[in-house]
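Peer 1: Here you go, this is data35.pdb (PDB, C-alpha atoms).
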```
ATOM      1  CA  MET A   1     136.899 105.143  55.377
ATOM      2  CA  ARG A   2     137.442 103.753  51.909
ATOM      3  CA  LYS A   3     134.403 103.035  49.721
ATOM      4  CA  ARG A   4     134.250  99.448  48.589
ATOM      5  CA  LYS A   5     133.153  98.538  45.071
ATOM      6  CA  LEU A   6     129.954  96.605  44.491
ATOM      7  CA  ARG A   7     130.293  93.018  43.542
ATOM      8  CA  GLU A   8     128.704  91.859  40.331
ATOM      9  CA  ASP A   9     125.745  90.182  42.047
ATOM     10  CA  GLU A  10     125.151  93.308  44.181
ATOM     11  CA  ARG A  11     125.134  95.533  41.096
ATOM     12  CA  GLU A  12     122.591  93.307  39.337
ATOM     13  CA  LEU A  13     120.343  93.440  42.394
ATOM     14  CA  TRP A  14     120.655  97.227  42.589
ATOM     15  CA  ASP A  15     119.771  97.613  38.925
ATOM     16  CA  GLN A  16     116.588  95.519  39.415
ATOM     17  CA  VAL A  17     115.534  97.637  42.412
ATOM     18  CA  ALA A  18     116.235 100.865  40.518
ATOM     19  CA  LYS A  19     114.080  99.721  37.586
ATOM     20  CA  SER A  20     111.108  98.846  39.805
ATOM     21  CA  ALA A  21     111.270 102.056  41.879
ATOM     22  CA  THR A  22     108.918 105.002  41.140
ATOM     23  CA  PRO A  23     110.656 108.388  41.230
ATOM     24  CA  LEU A  24     109.247 110.917  43.723
ATOM     25  CA  HIS A  25     109.558 113.854  41.261
ATOM     26  CA  ARG A  26     108.914 113.261  37.629
ATOM     27  CA  PRO A  27     111.060 115.409  35.352
ATOM     28  CA  ASN A  28     109.218 118.181  33.457
ATOM     29  CA  PRO A  29     108.756 116.958  29.884
ATOM     30  CA  ILE A  30     109.234 120.493  28.587
ATOM     31  CA  SER A  31     112.876 121.309  28.599
ATOM     32  CA  VAL A  32     114.347 124.740  28.976
ATOM     33  CA  GLU A  33     115.103 124.848  25.285
ATOM     34  CA  ASN A  34     111.514 123.914  24.377
ATOM     35  CA  THR A  35     110.133 126.528  26.755
ATOM     36  CA  ALA A  36     112.217 129.274  25.200
ATOM     37  CA  ALA A  37     111.118 128.256  21.735
ATOM     38  CA  ALA A  38     107.436 127.783  22.623
ATOM     39  CA  LYS A  39     105.080 130.587  21.655
ATOM     40  CA  PRO A  40     102.135 131.491  23.868
ATOM     41  CA  SER A  41      98.801 130.460  22.457
ATOM     42  CA  GLN A  42      97.277 133.893  23.287
ATOM     43  CA  PRO A  43      99.114 137.180  23.338
ATOM     44  CA  LEU A  44      99.362 138.913  26.689
ATOM     45  CA  ILE A  45      96.854 141.798  26.988
ATOM     46  CA  GLN A  46      98.359 144.929  28.394
ATOM     47  CA  PRO A  47      95.868 147.010  30.449
ATOM     48  CA  LYS A  48      95.166 150.378  28.961
ATOM     49  CA  THR A  49      96.261 153.343  31.024
ATOM     50  CA  PRO A  50      93.511 155.988  31.128
ATOM     51  CA  GLU A  51      94.520 159.175  29.434
ATOM     52  CA  ALA A  52      95.031 162.122  31.771
ATOM     53  CA  GLN A  53      92.187 164.602  31.482
ATOM     54  CA  PRO A  54      93.051 168.293  31.674
ATOM     55  CA  ILE A  55      91.764 170.151  34.780
ATOM     56  CA  PRO A  56      89.344 172.906  33.816
ATOM     57  CA  ALA A  57      90.151 176.432  34.940
ATOM     58  CA  PHE A  58      88.608 177.446  38.271
ATOM     59  CA  ARG A  59      88.667 180.210  40.878
ATOM     60  CA  VAL A  60      89.286 179.332  44.534
ATOM     61  CA  GLY A  61      86.035 179.462  46.513
ATOM     62  CA  GLU A  62      83.717 179.918  43.516
ATOM     63  CA  ASN A  63      81.490 177.003  44.570
ATOM     64  CA  ALA A  64      81.578 177.741  48.292
ATOM     65  CA  THR A  65      78.250 178.397  49.941
ATOM     66  CA  GLY A  66      77.850 180.542  53.025
ATOM     67  CA  GLY A  67      75.317 182.396  55.081
ATOM     68  CA  GLU A  68      74.158 185.940  54.646
ATOM     69  CA  ASN A  69      77.557 187.328  55.614
ATOM     70  CA  GLY A  70      79.442 184.833  53.466
ATOM     71  CA  HIS A  71      81.570 183.681  56.409
ATOM     72  CA  ALA A  72      81.243 181.908  59.738
ATOM     73  CA  LEU A  73      82.903 184.524  61.908
ATOM     74  CA  ALA A  74      81.136 185.847  64.971
ATOM     75  CA  PRO A  75      79.709 189.357  64.566
ATOM     76  CA  THR A  76      81.840 192.205  65.840
ATOM     77  CA  LEU A  77      81.112 193.819  69.180
ATOM     78  CA  SER A  78      79.910 196.978  67.405
ATOM     79  CA  ALA A  79      77.514 194.921  65.265
ATOM     80  CA  SER A  80      76.186 193.043  68.308
ATOM     81  CA  LEU A  81      75.487 196.266  70.207
ATOM     82  CA  ALA A  82      73.901 197.889  67.146
ATOM     83  CA  ALA A  83      71.611 194.849  66.719
ATOM     84  CA  ALA A  84      70.439 194.931  70.345
ATOM     85  CA  PRO A  85      66.819 196.075  70.807
ATOM     86  CA  VAL A  86      66.241 199.684  71.868
ATOM     87  CA  GLU A  87      64.866 199.635  75.429
ATOM     88  CA  MET A  88      65.016 203.359  76.116
ATOM     89  CA  ASP A  89      62.930 206.100  74.528
ATOM     90  CA  LYS A  90      63.597 206.006  70.775
ATOM     91  CA  LYS A  91      63.889 209.765  70.376
ATOM     92  CA  ALA A  92      66.321 209.954  73.271
ATOM     93  CA  PHE A  93      68.251 207.002  71.776
ATOM     94  CA  GLY A  94      68.549 208.881  68.463
ATOM     95  CA  ARG A  95      69.962 211.922  70.275
ATOM     96  CA  LEU A  96      72.284 209.615  72.229
ATOM     97  CA  LYS A  97      73.700 208.069  69.041
ATOM     98  CA  ARG A  98      74.310 211.544  67.583
ATOM     99  CA  GLY A  99      76.214 212.588  70.680
ATOM    100  CA  LYS A 100      73.574 215.159  71.661
ATOM    101  CA  LEU A 101      73.094 213.843  75.212
ATOM    102  CA  ARG A 102      75.755 214.772  77.721
ATOM    103  CA  PRO A 103      76.933 212.064  80.170
ATOM    104  CA  GLU A 104      76.332 213.020  83.803
ATOM    105  CA  ALA A 105      79.318 211.017  85.090
ATOM    106  CA  ARG A 106      82.234 209.090  83.660
ATOM    107  CA  ILE A 107      84.763 206.444  84.649
ATOM    108  CA  ASP A 108      88.038 205.707  82.889
ATOM    109  CA  LEU A 109      89.150 202.071  83.137
ATOM    110  CA  HIS A 110      92.396 202.627  81.185
ATOM    111  CA  GLY A 111      95.370 200.832  82.708
ATOM    112  CA  MET A 112      93.286 198.658  85.020
ATOM    113  CA  THR A 113      93.439 194.886  85.092
ATOM    114  CA  LEU A 114      90.232 192.879  84.815
ATOM    115  CA  ALA A 115      90.348 192.212  88.565
ATOM    116  CA  GLN A 116      90.567 195.953  89.235
ATOM    117  CA  ALA A 117      88.162 197.152  86.549
ATOM    118  CA  HIS A 118      85.197 194.905  87.386
ATOM    119  CA  PRO A 119      84.620 196.103  90.984
ATOM    120  CA  ALA A 120      85.435 199.705  89.999
ATOM    121  CA  LEU A 121      82.784 199.626  87.264
ATOM    122  CA  THR A 122      80.197 197.946  89.502
ATOM    123  CA  GLY A 123      80.671 200.490  92.306
ATOM    124  CA  PHE A 124      80.577 203.426  89.875
ATOM    125  CA  VAL A 125      77.332 202.370  88.188
ATOM    126  CA  LEU A 126      75.606 201.544  91.494
ATOM    127  CA  ARG A 127      76.553 204.970  92.946
ATOM    128  CA  ALA A 128      75.433 206.781  89.795
ATOM    129  CA  HIS A 129      72.063 205.004  89.904
ATOM    130  CA  ALA A 130      71.629 205.750  93.613
ATOM    131  CA  GLU A 131      72.298 209.442  92.856
ATOM    132  CA  GLY A 132      69.556 209.468  90.210
ATOM    133  CA  LYS A 133      71.866 209.815  87.203
ATOM    134  CA  ARG A 134      70.559 208.431  83.893
ATOM    135  CA  LEU A 135      73.483 208.567  81.452
ATOM    136  CA  VAL A 136      77.067 207.666  82.329
ATOM    137  CA  LEU A 137      80.147 207.178  80.171
ATOM    138  CA  VAL A 138      82.446 204.160  80.615
ATOM    139  CA  ILE A 139      85.828 204.605  78.913
ATOM    140  CA  THR A 140      87.648 201.370  78.078
ATOM    141  CA  GLY A 141      89.932 202.280  75.193
ATOM    142  CA  LYS A 142      90.085 200.365  71.920
ATOM    143  CA  GLY A 143      92.934 198.079  72.954
ATOM    144  CA  LYS A 144      96.452 197.884  71.618
ATOM    145  CA  PRO A 145      97.338 195.690  68.630
ATOM    146  CA  SER A 146      99.548 192.717  69.478
ATOM    147  CA  ASN A 147     102.806 192.088  67.627
ATOM    148  CA  ASP A 148     102.415 188.323  68.001
ATOM    149  CA  ASP A 149      98.828 187.433  67.148
ATOM    150  CA  GLY A 150      99.911 184.194  65.484
ATOM    151  CA  PRO A 151      97.825 182.443  62.824
ATOM    152  CA  ILE A 152      94.572 182.831  64.764
ATOM    153  CA  PRO A 153      93.264 186.397  64.983
ATOM    154  CA  ARG A 154      92.422 187.688  68.434
ATOM    155  CA  ARG A 155      90.080 190.488  69.361
ATOM    156  CA  ARG A 156      91.700 193.677  70.561
ATOM    157  CA  GLY A 157      90.752 195.294  73.839
ATOM    158  CA  VAL A 158      90.034 192.888  76.680
ATOM    159  CA  LEU A 159      88.231 195.531  78.772
ATOM    160  CA  ARG A 160      86.266 196.724  75.765
ATOM    161  CA  HIS A 161      84.837 193.225  75.299
ATOM    162  CA  GLU A 162      84.273 192.448  78.973
ATOM    163  CA  VAL A 163      82.465 195.644  80.041
ATOM    164  CA  PRO A 164      79.197 194.922  78.134
ATOM    165  CA  HIS A 165      79.055 191.459  79.760
ATOM    166  CA  TRP A 166      79.584 192.952  83.206
ATOM    167  CA  LEU A 167      76.866 195.530  82.620
ATOM    168  CA  ARG A 168      74.384 192.796  81.651
ATOM    169  CA  SER A 169      75.117 190.515  84.613
ATOM    170  CA  GLY A 170      75.197 190.514  88.406
ATOM    171  CA  PRO A 171      73.811 193.489  90.297
ATOM    172  CA  LEU A 172      73.981 195.807  87.258
ATOM    173  CA  ARG A 173      71.596 193.973  84.935
ATOM    174  CA  ASN A 174      68.520 195.289  86.765
ATOM    175  CA  ILE A 175      69.542 198.950  86.589
ATOM    176  CA  VAL A 176      71.170 199.171  83.120
ATOM    177  CA  LEU A 177      68.588 199.930  80.447
ATOM    178  CA  GLN A 178      70.760 200.453  77.346
ATOM    179  CA  ILE A 179      74.395 200.037  76.285
ATOM    180  CA  SER A 180      75.711 201.726  73.170
ATOM    181  CA  GLU A 181      79.038 202.701  71.685
ATOM    182  CA  SER A 182      79.670 206.364  72.277
ATOM    183  CA  HIS A 183      79.730 209.106  69.680
ATOM    184  CA  ILE A 184      83.141 210.095  68.350
ATOM    185  CA  ARG A 185      83.105 213.241  70.502
ATOM    186  CA  HIS A 186      82.957 211.051  73.606
ATOM    187  CA  GLY A 187      85.495 208.417  72.534
ATOM    188  CA  GLY A 188      83.799 206.463  69.747
ATOM    189  CA  ALA A 189      84.426 202.710  69.898
ATOM    190  CA  GLY A 190      86.693 203.193  72.918
ATOM    191  CA  ALA A 191      83.836 204.152  75.262
ATOM    192  CA  TYR A 192      80.237 203.173  76.063
ATOM    193  CA  TYR A 193      77.120 205.115  76.874
ATOM    194  CA  VAL A 194      75.342 203.360  79.725
ATOM    195  CA  TYR A 195      71.732 204.510  80.128
ATOM    196  CA  LEU A 196      70.311 203.672  83.556
ATOM    197  CA  ARG A 197      66.780 203.005  84.712
ATOM    198  CA  ARG A 198      65.109 205.545  86.930
ATOM    199  CA  SER A 199      65.951 205.034  90.582
ATOM    200  CA  ARG A 200      62.971 204.541  92.870
TER     201      ARG A 200
END
```
Turn this file's structure into C-alpha cells for me.

Peer 2:
Amino acid sequence: MRKRKLREDERELWDQVAKSATPLHRPNPISVENTAAAKPSQPLIQPKTPEAQPIPAFRVGENATGGENGHALAPTLSASLAAAPVEMDKKAFGRLKRGKLRPEARIDLHGMTLAQAHPALTGFVLRAHAEGKRLVLVITGKGKPSNDDGPIPRRRGVLRHEVPHWLRSGPLRNIVLQISESHIRHGGAGAYYVYLRRSR
C-alpha cells in the first residue's frame, strides 16, 4: 500500500496539534557531553580496608582446660579395678596383690566366644563357692591387637572387659567379694583373682 502525501491543509492541522500536545517523556536537559564534562560536587569516599593484623605465636591446646586427668577418656579397666573399695581383709588383700596367695582353682576362657564363656564362668564360680573355695583364678588373656582399628580406638580383649561385669551381676554378685588383676606370676593383666565369700 502506497503512502499518500498530506495535503497542505492537513499538514497545517497536524502542526497545530503537535504544538499543543504535551510530550510523555521530557528529554533530559543534561546531555551526554555535559555529563562527561561535569565534575562531582563532592569526591567519592573510598572505604578504608582494615590492615591485616599479624597472628601472635601460639601452641595448640595451650588454653584448653580439662579435668584432673587432662582428658575426657574413660578410665582404664586396671584403673577402675584398682579404685574399687577393698571388701576383703586388708592384710589378705595386700598378700593377694603381691601374688602371695595361691588360687585354689582356675578356669581358662581363652578361645571361647562370649556365649560360651559366660555360662562356663558362672558354673565354675558357683561350683567353687559350693566347695568352700575362697580364691579362684579366671584367665581371660589380654586380647589381640586389631590391624584395622580405624580412627576410633577400641579396647582390646572382649572377654577381659566382660568378665568383671559378669562377676558383679546375676547369681555371682552375692558370692563374689573382691575382683583384682592377678600378679604377674599368675598372668598379670590377662587374668583375675576372684575372692569369694564364705559358703554357709

Peer 1: Quick check on the file I pasted: which residues fall under the PyMOL selection byres ((chain A and resi 105) around 10)? Write them as a list in words.

Peer 2: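 Listing what the PyMOL selection byres ((chain A and resi 105) around 10) selects in the shown file: Arg102, Pro103, Glu104, Arg106, Ile107, Phe124, Val125, Ala128, Lys133, Arg134, Leu135, Val136, Leu137 and Val138 of chain A.
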
Peer 1: Choose the residue, out of A:Ile175, A:Leu77, A:Ile184, A:Ala83, that has the smallest atom-to-atom separation from Val158 (chain A); count all atoms listed in the file.

Peer 2: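 So, comparing all the options, the nearest one is A:Leu77.
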
Peer 1: Quick one: everything within 10 Å of region 139-143 of chain A, counting all atoms listed in the file, minus sequence neighbours fewer than 2 positions away in the same chain. Send it as a PyMOL selection string.

Peer 2: chain A and resi 106-112+117+136-137+145-146+155-163+182+186-193

Peer 1: Can you measure CA of Gln178 (chain A) to CA of Arg198 (chain A) for me? One decimal in Å is fine.

Peer 2: 12.2 Å

Peer 1: Mind pulling up the distance from CA of Trp166 (chain A) to CA of Leu114 (chain A)?

Peer 2: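 CA of Trp166 (chain A) lies at a distance of 10.8 Å from CA of Leu114 (chain A).
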
Peer 1: Give me, please, the distance in Å between CA of Ser78 (chain A) and CA of Gly132 (chain A), quoted to one decimal.

Peer 2: 28.0 Å

Peer 1: Let me make sure I understand: among A:Arg59, A:Lys3, A:Arg173, A:His183, which one has the smallest atom-to-atom distance to Lys100 (chain A) if we use all atoms listed in the file?

Peer 2: A:His183
